[in-house]
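Below is target.json, which holds JSON, C-alpha atoms.
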[["chain", "number", "residue", "atom", "x", "y", "z"],
["A", 22, "MET", "CA", 193.67, 48.87, 37.53],
["A", 23, "ASP", "CA", 192.19, 49.65, 40.96],
["A", 24, "SER", "CA", 190.03, 46.53, 41.13],
["A", 25, "VAL", "CA", 190.06, 43.08, 39.54],
["A", 26, "THR", "CA", 186.80, 41.15, 39.47],
["A", 27, "LEU", "CA", 186.33, 37.43, 38.84],
["A", 28, "ASN", "CA", 183.47, 36.13, 36.74],
["A", 29, "ASN", "CA", 181.52, 35.23, 39.92],
["A", 30, "GLY", "CA", 181.73, 38.85, 41.13],
["A", 31, "LEU", "CA", 184.50, 38.37, 43.71],
["A", 32, "ALA", "CA", 186.61, 41.54, 43.66],
["A", 33, "PHE", "CA", 190.22, 42.15, 44.64],
["A", 34, "ALA", "CA", 191.05, 45.76, 45.52],
["A", 35, "ASN", "CA", 193.59, 47.28, 47.87],
["A", 36, "ASP", "CA", 190.94, 49.45, 49.52],
["A", 37, "ARG", "CA", 188.23, 46.80, 49.86],
["A", 38, "PRO", "CA", 187.82, 44.06, 52.50],
["A", 39, "LEU", "CA", 190.52, 41.41, 52.37],
["A", 40, "ALA", "CA", 190.07, 38.40, 50.07],
["A", 41, "VAL", "CA", 191.76, 35.04, 50.69],
["A", 42, "ILE", "CA", 193.52, 32.72, 48.30],
["A", 43, "GLY", "CA", 194.07, 29.50, 50.22],
["A", 44, "GLY", "CA", 194.75, 25.85, 49.65],
["A", 45, "MET", "CA", 197.55, 23.38, 49.09],
["A", 46, "ASN", "CA", 200.97, 23.82, 47.59],
["A", 47, "VAL", "CA", 200.41, 20.83, 45.32],
["A", 48, "ILE", "CA", 197.67, 18.25, 44.84],
["A", 49, "GLU", "CA", 198.66, 15.18, 46.84],
["A", 50, "ASP", "CA", 195.66, 12.84, 47.01],
["A", 51, "ARG", "CA", 191.94, 13.22, 46.52],
["A", 52, "ASP", "CA", 190.93, 12.91, 50.18],
["A", 53, "THR", "CA", 193.37, 15.54, 51.43],
["A", 54, "LEU", "CA", 192.49, 17.89, 48.58],
["A", 55, "PHE", "CA", 188.77, 17.72, 49.35],
["A", 56, "GLU", "CA", 189.36, 18.01, 53.11],
["A", 57, "VAL", "CA", 191.36, 21.20, 52.69],
["A", 58, "ALA", "CA", 189.04, 22.75, 50.11],
["A", 59, "GLY", "CA", 185.90, 21.93, 52.08],
["A", 60, "THR", "CA", 187.29, 23.25, 55.35],
["A", 61, "LEU", "CA", 188.58, 26.52, 53.90],
["A", 62, "ALA", "CA", 185.39, 27.11, 51.92],
["A", 63, "GLU", "CA", 183.23, 26.56, 55.00],
["A", 64, "VAL", "CA", 185.30, 28.85, 57.23],
["A", 65, "CYS", "CA", 185.42, 31.66, 54.67],
["A", 66, "ALA", "CA", 181.70, 31.42, 53.96],
["A", 67, "ARG", "CA", 180.87, 31.52, 57.67],
["A", 68, "LEU", "CA", 183.14, 34.55, 58.22],
["A", 69, "SER", "CA", 181.93, 36.24, 55.00],
["A", 70, "VAL", "CA", 185.46, 36.40, 53.55],
["A", 71, "PRO", "CA", 185.80, 36.22, 49.73],
["A", 72, "PHE", "CA", 187.66, 32.99, 48.93],
["A", 73, "VAL", "CA", 189.58, 31.41, 46.04],
["A", 74, "PHE", "CA", 190.91, 27.85, 46.34],
["A", 75, "LYS", "CA", 194.48, 27.22, 45.19],
["A", 76, "ALA", "CA", 196.32, 24.01, 44.35],
["A", 77, "SER", "CA", 199.00, 23.14, 41.80],
["A", 78, "PHE", "CA", 198.75, 20.22, 39.38],
["A", 79, "ASP", "CA", 202.53, 20.32, 38.92],
["A", 80, "LYS", "CA", 205.42, 21.94, 40.75],
["A", 81, "ALA", "CA", 208.12, 22.28, 38.13],
["A", 82, "ASN", "CA", 210.53, 24.27, 40.30],
["A", 83, "ARG", "CA", 211.80, 21.65, 42.73],
["A", 84, "SER", "CA", 215.02, 21.44, 44.71],
["A", 85, "SER", "CA", 215.71, 17.81, 43.80],
["A", 86, "ILE", "CA", 215.02, 15.53, 40.83],
["A", 87, "GLY", "CA", 213.32, 13.20, 43.32],
["A", 88, "SER", "CA", 210.93, 15.82, 44.75],
["A", 89, "TYR", "CA", 207.20, 15.17, 44.40],
["A", 90, "ARG", "CA", 205.68, 17.27, 41.61],
["A", 91, "GLY", "CA", 201.97, 16.42, 41.52],
["A", 92, "PRO", "CA", 199.51, 14.44, 39.39],
["A", 93, "GLY", "CA", 200.15, 16.38, 36.17],
["A", 94, "LEU", "CA", 198.06, 18.59, 33.93],
["A", 95, "ARG", "CA", 195.15, 16.34, 32.90],
["A", 96, "ALA", "CA", 194.55, 14.52, 36.19],
["A", 97, "GLY", "CA", 195.18, 17.64, 38.26],
["A", 98, "LEU", "CA", 192.78, 19.84, 36.31],
["A", 99, "ALA", "CA", 190.10, 17.15, 36.52],
["A", 100, "LEU", "CA", 190.37, 17.17, 40.32],
["A", 101, "LEU", "CA", 190.31, 20.97, 40.46],
["A", 102, "GLY", "CA", 187.19, 20.95, 38.29],
["A", 103, "GLU", "CA", 185.54, 18.63, 40.79],
["A", 104, "ILE", "CA", 186.48, 20.99, 43.63],
["A", 105, "ARG", "CA", 185.01, 23.95, 41.74],
["A", 106, "ASP", "CA", 181.76, 22.14, 41.07],
["A", 107, "ARG", "CA", 181.40, 20.50, 44.50],
["A", 108, "PHE", "CA", 181.97, 23.60, 46.59],
["A", 109, "GLY", "CA", 181.01, 26.34, 44.15],
["A", 110, "ILE", "CA", 184.27, 28.22, 44.63],
["A", 111, "PRO", "CA", 186.68, 29.87, 42.16],
["A", 112, "ILE", "CA", 189.98, 28.13, 41.47],
["A", 113, "LEU", "CA", 193.59, 29.31, 41.12],
["A", 114, "THR", "CA", 196.35, 27.16, 39.69],
["A", 115, "ASP", "CA", 199.77, 27.91, 38.25],
["A", 116, "VAL", "CA", 201.13, 27.31, 34.78],
["A", 117, "HIS", "CA", 204.76, 26.70, 33.90],
["A", 118, "GLU", "CA", 204.68, 26.44, 30.11],
["A", 119, "PRO", "CA", 202.77, 28.41, 27.44],
["A", 120, "GLY", "CA", 201.09, 25.21, 26.26],
["A", 121, "GLN", "CA", 199.41, 24.70, 29.63],
["A", 122, "ALA", "CA", 197.62, 28.05, 29.75],
["A", 123, "GLU", "CA", 194.57, 27.39, 27.59],
["A", 124, "ALA", "CA", 193.68, 24.07, 29.25],
["A", 125, "ALA", "CA", 194.20, 25.48, 32.74],
["A", 126, "ALA", "CA", 192.00, 28.51, 31.97],
["A", 127, "GLU", "CA", 189.09, 26.21, 31.15],
["A", 128, "ILE", "CA", 189.03, 25.16, 34.82],
["A", 129, "ALA", "CA", 190.71, 27.97, 36.76],
["A", 130, "ASP", "CA", 189.37, 31.47, 37.32],
["A", 131, "ILE", "CA", 192.89, 32.73, 38.08],
["A", 132, "LEU", "CA", 196.09, 31.61, 36.38],
["A", 133, "GLN", "CA", 199.23, 32.09, 38.42],
["A", 134, "VAL", "CA", 202.62, 32.79, 36.88],
["A", 135, "PRO", "CA", 205.34, 31.51, 39.26],
["A", 136, "ALA", "CA", 207.95, 33.92, 40.56],
["A", 137, "PHE", "CA", 210.92, 32.36, 38.78],
["A", 138, "LEU", "CA", 209.00, 32.44, 35.47],
["A", 139, "ALA", "CA", 207.39, 35.88, 35.65],
["A", 140, "ARG", "CA", 209.90, 37.37, 33.18],
["A", 141, "GLN", "CA", 209.29, 34.64, 30.60],
["A", 142, "THR", "CA", 207.53, 36.65, 27.93],
["A", 143, "ASP", "CA", 205.96, 33.71, 26.05],
["A", 144, "LEU", "CA", 204.45, 32.30, 29.24],
["A", 145, "VAL", "CA", 203.10, 35.67, 30.42],
["A", 146, "ILE", "CA", 201.55, 36.40, 27.02],
["A", 147, "ALA", "CA", 200.01, 32.93, 26.70],
["A", 148, "ALA", "CA", 198.45, 33.24, 30.14],
["A", 149, "ALA", "CA", 197.22, 36.77, 29.42],
["A", 150, "ARG", "CA", 195.62, 35.81, 26.12],
["A", 151, "THR", "CA", 193.32, 33.28, 27.83],
["A", 152, "GLY", "CA", 191.39, 36.20, 29.35],
["A", 153, "ALA", "CA", 191.61, 34.68, 32.83],
["A", 154, "VAL", "CA", 192.55, 36.82, 35.80],
["A", 155, "LEU", "CA", 196.31, 36.56, 36.34],
["A", 156, "ASN", "CA", 198.21, 36.37, 39.62],
["A", 157, "ILE", "CA", 201.78, 37.35, 38.79],
["A", 158, "LYS", "CA", 204.26, 36.52, 41.53],
["A", 159, "LYS", "CA", 207.01, 39.08, 41.93],
["A", 160, "PRO", "CA", 210.32, 37.32, 41.29],
["A", 161, "GLN", "CA", 212.62, 37.07, 44.28],
["A", 162, "PHE", "CA", 215.27, 38.93, 42.28],
["A", 163, "LEU", "CA", 213.20, 41.91, 41.06],
["A", 164, "ALA", "CA", 212.59, 45.27, 42.65],
["A", 165, "PRO", "CA", 208.90, 46.23, 43.02],
["A", 166, "ALA", "CA", 209.18, 48.99, 40.40],
["A", 167, "GLU", "CA", 210.24, 46.44, 37.77],
["A", 168, "MET", "CA", 206.80, 44.79, 37.91],
["A", 169, "THR", "CA", 205.55, 47.53, 35.59],
["A", 170, "ASN", "CA", 207.38, 45.79, 32.72],
["A", 171, "ILE", "CA", 205.50, 42.54, 33.37],
["A", 172, "LEU", "CA", 202.21, 44.38, 33.67],
["A", 173, "ARG", "CA", 202.87, 46.02, 30.31],
["A", 174, "LYS", "CA", 203.30, 42.61, 28.67],
["A", 175, "CYS", "CA", 199.90, 41.54, 30.04],
["A", 176, "HIS", "CA", 198.22, 44.74, 28.90],
["A", 177, "GLU", "CA", 199.70, 44.54, 25.40],
["A", 178, "ALA", "CA", 198.40, 40.96, 25.20],
["A", 179, "GLY", "CA", 194.93, 42.33, 25.91],
["A", 180, "ASN", "CA", 194.54, 41.53, 29.59],
["A", 181, "ASP", "CA", 194.42, 44.12, 32.38],
["A", 182, "ARG", "CA", 192.86, 41.78, 34.97],
["A", 183, "VAL", "CA", 196.12, 41.31, 36.86],
["A", 184, "LEU", "CA", 197.02, 40.83, 40.51],
["A", 185, "LEU", "CA", 200.58, 41.34, 41.74],
["A", 186, "CYS", "CA", 201.75, 38.87, 44.36],
["A", 187, "GLU", "CA", 204.50, 39.56, 46.90],
["A", 188, "ARG", "CA", 206.37, 36.46, 48.07],
["A", 189, "GLY", "CA", 209.64, 37.77, 49.49],
["A", 190, "THR", "CA", 213.01, 38.79, 48.11],
["A", 191, "SER", "CA", 216.22, 36.77, 48.08],
["A", 192, "PHE", "CA", 218.48, 37.73, 50.96],
["A", 193, "GLY", "CA", 221.78, 35.90, 51.22],
["A", 194, "TYR", "CA", 221.77, 32.13, 51.38],
["A", 195, "ASN", "CA", 218.61, 30.07, 52.05],
["A", 196, "ASN", "CA", 216.54, 33.02, 53.15],
["A", 197, "LEU", "CA", 213.87, 35.46, 52.01],
["A", 198, "VAL", "CA", 212.74, 38.78, 53.43],
["A", 199, "VAL", "CA", 209.61, 40.83, 52.80],
["A", 200, "ASP", "CA", 209.86, 44.57, 52.27],
["A", 201, "MET", "CA", 206.53, 45.97, 53.46],
["A", 202, "LEU", "CA", 207.36, 49.32, 51.86],
["A", 203, "GLY", "CA", 207.87, 47.44, 48.59],
["A", 204, "ILE", "CA", 204.27, 46.25, 48.84],
["A", 205, "ASP", "CA", 203.24, 49.89, 49.09],
["A", 206, "LEU", "CA", 205.21, 50.64, 45.90],
["A", 207, "MET", "CA", 203.22, 48.02, 43.96],
["A", 208, "LYS", "CA", 199.78, 49.05, 45.21],
["A", 209, "PRO", "CA", 199.37, 51.91, 42.68],
["A", 210, "MET", "CA", 200.10, 49.43, 39.86],
["A", 211, "ALA", "CA", 197.47, 46.77, 40.65],
["A", 212, "PRO", "CA", 195.69, 44.97, 43.49],
["A", 213, "VAL", "CA", 198.35, 43.31, 45.63],
["A", 214, "VAL", "CA", 198.17, 39.83, 47.15],
["A", 215, "PHE", "CA", 200.64, 38.77, 49.83],
["A", 216, "ASP", "CA", 201.83, 35.17, 49.62],
["A", 217, "VAL", "CA", 202.59, 34.62, 53.29],
["A", 218, "THR", "CA", 203.63, 30.98, 53.26],
["A", 219, "HIS", "CA", 206.09, 31.16, 50.36],
["A", 220, "ALA", "CA", 207.68, 34.21, 51.96],
["A", 221, "LEU", "CA", 208.45, 31.93, 54.92],
["A", 222, "GLN", "CA", 210.45, 29.59, 52.70],
["A", 223, "LYS", "CA", 214.16, 28.96, 53.16],
["A", 224, "PRO", "CA", 215.04, 27.74, 49.65],
["A", 225, "GLY", "CA", 217.36, 24.76, 49.71],
["A", 226, "GLY", "CA", 217.58, 25.02, 53.48],
["A", 227, "LEU", "CA", 217.38, 21.24, 53.92],
["A", 228, "SER", "CA", 219.94, 20.54, 51.20],
["A", 229, "ASP", "CA", 217.66, 18.60, 48.81],
["A", 230, "ARG", "CA", 214.47, 20.48, 49.65],
["A", 231, "ALA", "CA", 213.24, 23.77, 51.05],
["A", 232, "ASP", "CA", 213.05, 24.53, 54.74],
["A", 233, "GLY", "CA", 210.66, 27.09, 56.18],
["A", 234, "ARG", "CA", 209.41, 29.06, 59.14],
["A", 235, "GLY", "CA", 205.78, 28.01, 59.27],
["A", 236, "ASP", "CA", 205.56, 28.81, 62.97],
["A", 237, "GLN", "CA", 205.91, 32.50, 62.06],
["A", 238, "ALA", "CA", 203.04, 32.53, 59.55],
["A", 239, "ALA", "CA", 200.64, 34.46, 61.77],
["A", 240, "ALA", "CA", 203.16, 37.18, 62.61],
["A", 241, "LEU", "CA", 204.14, 37.73, 58.97],
["A", 242, "ALA", "CA", 200.53, 37.64, 57.76],
["A", 243, "ARG", "CA", 199.47, 40.29, 60.26],
["A", 244, "ALA", "CA", 202.36, 42.53, 59.20],
["A", 245, "GLY", "CA", 201.48, 42.28, 55.51],
["A", 246, "VAL", "CA", 197.75, 42.83, 55.97],
["A", 247, "ALA", "CA", 198.49, 45.89, 58.11],
["A", 248, "VAL", "CA", 199.87, 47.64, 55.01],
["A", 249, "GLY", "CA", 196.41, 47.49, 53.44],
["A", 250, "ILE", "CA", 196.28, 44.98, 50.57],
["A", 251, "ALA", "CA", 193.73, 43.28, 48.35],
["A", 252, "GLY", "CA", 194.31, 39.72, 49.44],
["A", 253, "VAL", "CA", 196.36, 37.23, 51.37],
["A", 254, "PHE", "CA", 197.65, 33.92, 50.02],
["A", 255, "VAL", "CA", 198.02, 31.07, 52.51],
["A", 256, "GLU", "CA", 198.85, 27.43, 51.93],
["A", 257, "VAL", "CA", 197.67, 24.98, 54.57],
["A", 258, "HIS", "CA", 197.94, 21.27, 55.28],
["A", 259, "PRO", "CA", 196.24, 18.95, 57.79],
["A", 260, "ASP", "CA", 199.68, 17.72, 58.88],
["A", 261, "PRO", "CA", 202.52, 19.92, 57.53],
["A", 262, "ALA", "CA", 205.17, 17.46, 58.73],
["A", 263, "LYS", "CA", 203.78, 14.94, 56.23],
["A", 264, "ALA", "CA", 203.20, 17.34, 53.35],
["A", 265, "LEU", "CA", 204.80, 16.26, 50.07],
["A", 266, "CYS", "CA", 205.91, 19.80, 49.19],
["A", 267, "ASP", "CA", 206.85, 22.86, 51.30],
["A", 268, "GLY", "CA", 205.53, 21.40, 54.54],
["A", 269, "PRO", "CA", 207.88, 23.56, 56.68],
["A", 270, "CYS", "CA", 206.13, 26.69, 55.29],
["A", 271, "ALA", "CA", 202.54, 25.50, 55.50],
["A", 272, "LEU", "CA", 200.03, 26.65, 58.09],
["A", 273, "PRO", "CA", 198.34, 23.78, 59.96],
["A", 274, "LEU", "CA", 194.76, 23.50, 58.71],
["A", 275, "ALA", "CA", 193.39, 23.79, 62.25],
["A", 276, "GLU", "CA", 195.06, 27.21, 62.64],
["A", 277, "PHE", "CA", 193.46, 28.73, 59.54],
["A", 278, "GLU", "CA", 190.27, 30.02, 61.16],
["A", 279, "PRO", "CA", 191.94, 31.70, 64.17],
["A", 280, "LEU", "CA", 194.43, 33.39, 61.82],
["A", 281, "LEU", "CA", 191.69, 34.55, 59.49],
["A", 282, "GLN", "CA", 189.81, 36.11, 62.38],
["A", 283, "GLN", "CA", 192.94, 38.06, 63.32],
["A", 284, "LEU", "CA", 193.54, 39.15, 59.74],
["A", 285, "ARG", "CA", 189.99, 40.43, 59.35],
["A", 286, "ALA", "CA", 190.50, 42.63, 62.39],
["A", 287, "VAL", "CA", 193.87, 43.93, 61.19],
["A", 288, "ASP", "CA", 192.46, 44.57, 57.71],
["A", 289, "ALA", "CA", 189.50, 46.52, 59.13],
["A", 290, "ALA", "CA", 191.83, 48.65, 61.21],
["A", 291, "ALA", "CA", 194.21, 49.27, 58.29],
["A", 292, "LYS", "CA", 191.39, 50.38, 55.99],
["A", 293, "GLY", "CA", 189.29, 51.99, 58.76]]
Take the structure in this file and express it as C-alpha cells.
Amino acid sequence: MDSVTLNNGLAFANDRPLAVIGGMNVIEDRDTLFEVAGTLAEVCARLSVPFVFKASFDKANRSSIGSYRGPGLRAGLALLGEIRDRFGIPILTDVHEPGQAEAAAEIADILQVPAFLARQTDLVIAAARTGAVLNIKKPQFLAPAEMTNILRKCHEAGNDRVLLCERGTSFGYNNLVVDMLGIDLMKPMAPVVFDVTHALQKPGGLSDRADGRGDQAAALARAGVAVGIAGVFVEVHPDPAKALCDGPCALPLAEFEPLLQQLRAVDAAAKG
C-alpha cells in the first residue's frame, strides 16, 4: 500500500511530507509523560508536522529481571487515553501478547509489534484483526526482503494498513547498524518509518542494561530521512541520564525542535 491513513486523516507515505512518531520509551510518571507529550505536540503543530505520540505501558524485552517495565496494561492505557484527549493527538503503543491487542486498540490509533516479536504469528494476527494501523518493527535478524512474509500475515488477517519500521540490524556484539539501501528495499512494500533512537542502541552494552549512542541521533536521523521515507520515530526524555529505560539512546527533549527543523529541510530536499 502506497499510503496509510489514520482515522484523523494523518497520512504516512514515502513520497509525502515527513510524519513524526515521538515520545517516551516507557511511561515513567504522569508529570513526565504529560511534559513530553505536550512539548512534542506543540512543536509539531507549530511547524505543521504530522505527529503521533508514542509511549509503552510495558517493556517486556528487558536486559535484566530488575529493569523497569512500566505501569502495566490497565494503568498505562488509562494514561495514554488522557494524553489523547488532552492534546487531541493520535497514540501509538506496543503490544507483546495477543491478549493485549484488543484493549490497546481501544486507545491507540497505531499498534506496534516489537522487533523481537514480529515473527510471532499469533501476535501479528491478533494486532491485525483489531483494524488499527500497525507499525511492524523489522527484526534485527531479518533481511528487508523477508518483511513480505509478515506483511502477508497482516493482509490475510484482513488488515493492509501497515507501516514497516527500520530499527537497525544486529552486527557483532552489542551493536546495531542501519542499512540505508535496505530501507529502499522496503519502500515498495509499505510506508517506511525509521526508528532512529532504537537504532542507536547497544544491546547489553552496560552488562545488565542497554547502552546507546544518543549523541549521534541527529546524524543518523538526517541520513535516514535523506533516503525519502514516510516517517521518523524518535524517543525523547527531559533528562536522558535519569530515564528509567534506554536513556543512553534518547534524544534530550530540548533538542527535539532543532532536529525536527533539520529533518524537514532534508525531507523537502529528498522529495524535491
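Minimum distance to A:Ser77 across A:Met45, A:Ala96, A:Met168, A:Ile104 (counting all atoms listed in the file) occurs at A:Met45.
In terms of minimum interatomic distance to A:Glu278, A:Arg67 ranks closest within A:Arg51, A:Lys159, A:Arg37, A:Arg67, counting all atoms listed in the file.
If you count all atoms listed in the file and ignore residues fewer than 5 places along the chain from A:Phe78, what sits within 10 Å of it is Asn46, Val47, Ile48, Glu49, Arg90, Gly91, Pro92, Gly93, Leu94, Arg95, Ala96, Gly97, Leu98, Ala99, Leu100, Leu101, Thr114, Asp115, Val116 and Ala125 of chain A.
Around A:Glu167, within 12 Å and counting all atoms listed in the file, the residues found are Ala139, Arg140, Lys159, Pro160, Gln161, Phe162, Leu163, Ala164, Pro165, Thr169, Asn170, Ile171, Leu172, Arg173, Leu185, Gly203, Leu206, Met207 and Met210 of chain A, once anything fewer than 2 positions away on its own chain is removed.
If only C-alpha atoms are the atoms counted, then among A:Ser88, A:Asn196, A:Gln121, A:Ser69 the closest residue to A:Ala148 is A:Gln121.
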Could you please determine the separation between atom CA of A:Phe33 and atom CA of A:Gly252 in Å, to one decimal place?
6.8 Å
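Closest to A:Asp288 among A:Leu132, A:Val246, A:Ala264, A:Val255 is A:Val246, based on all atoms listed in the file.
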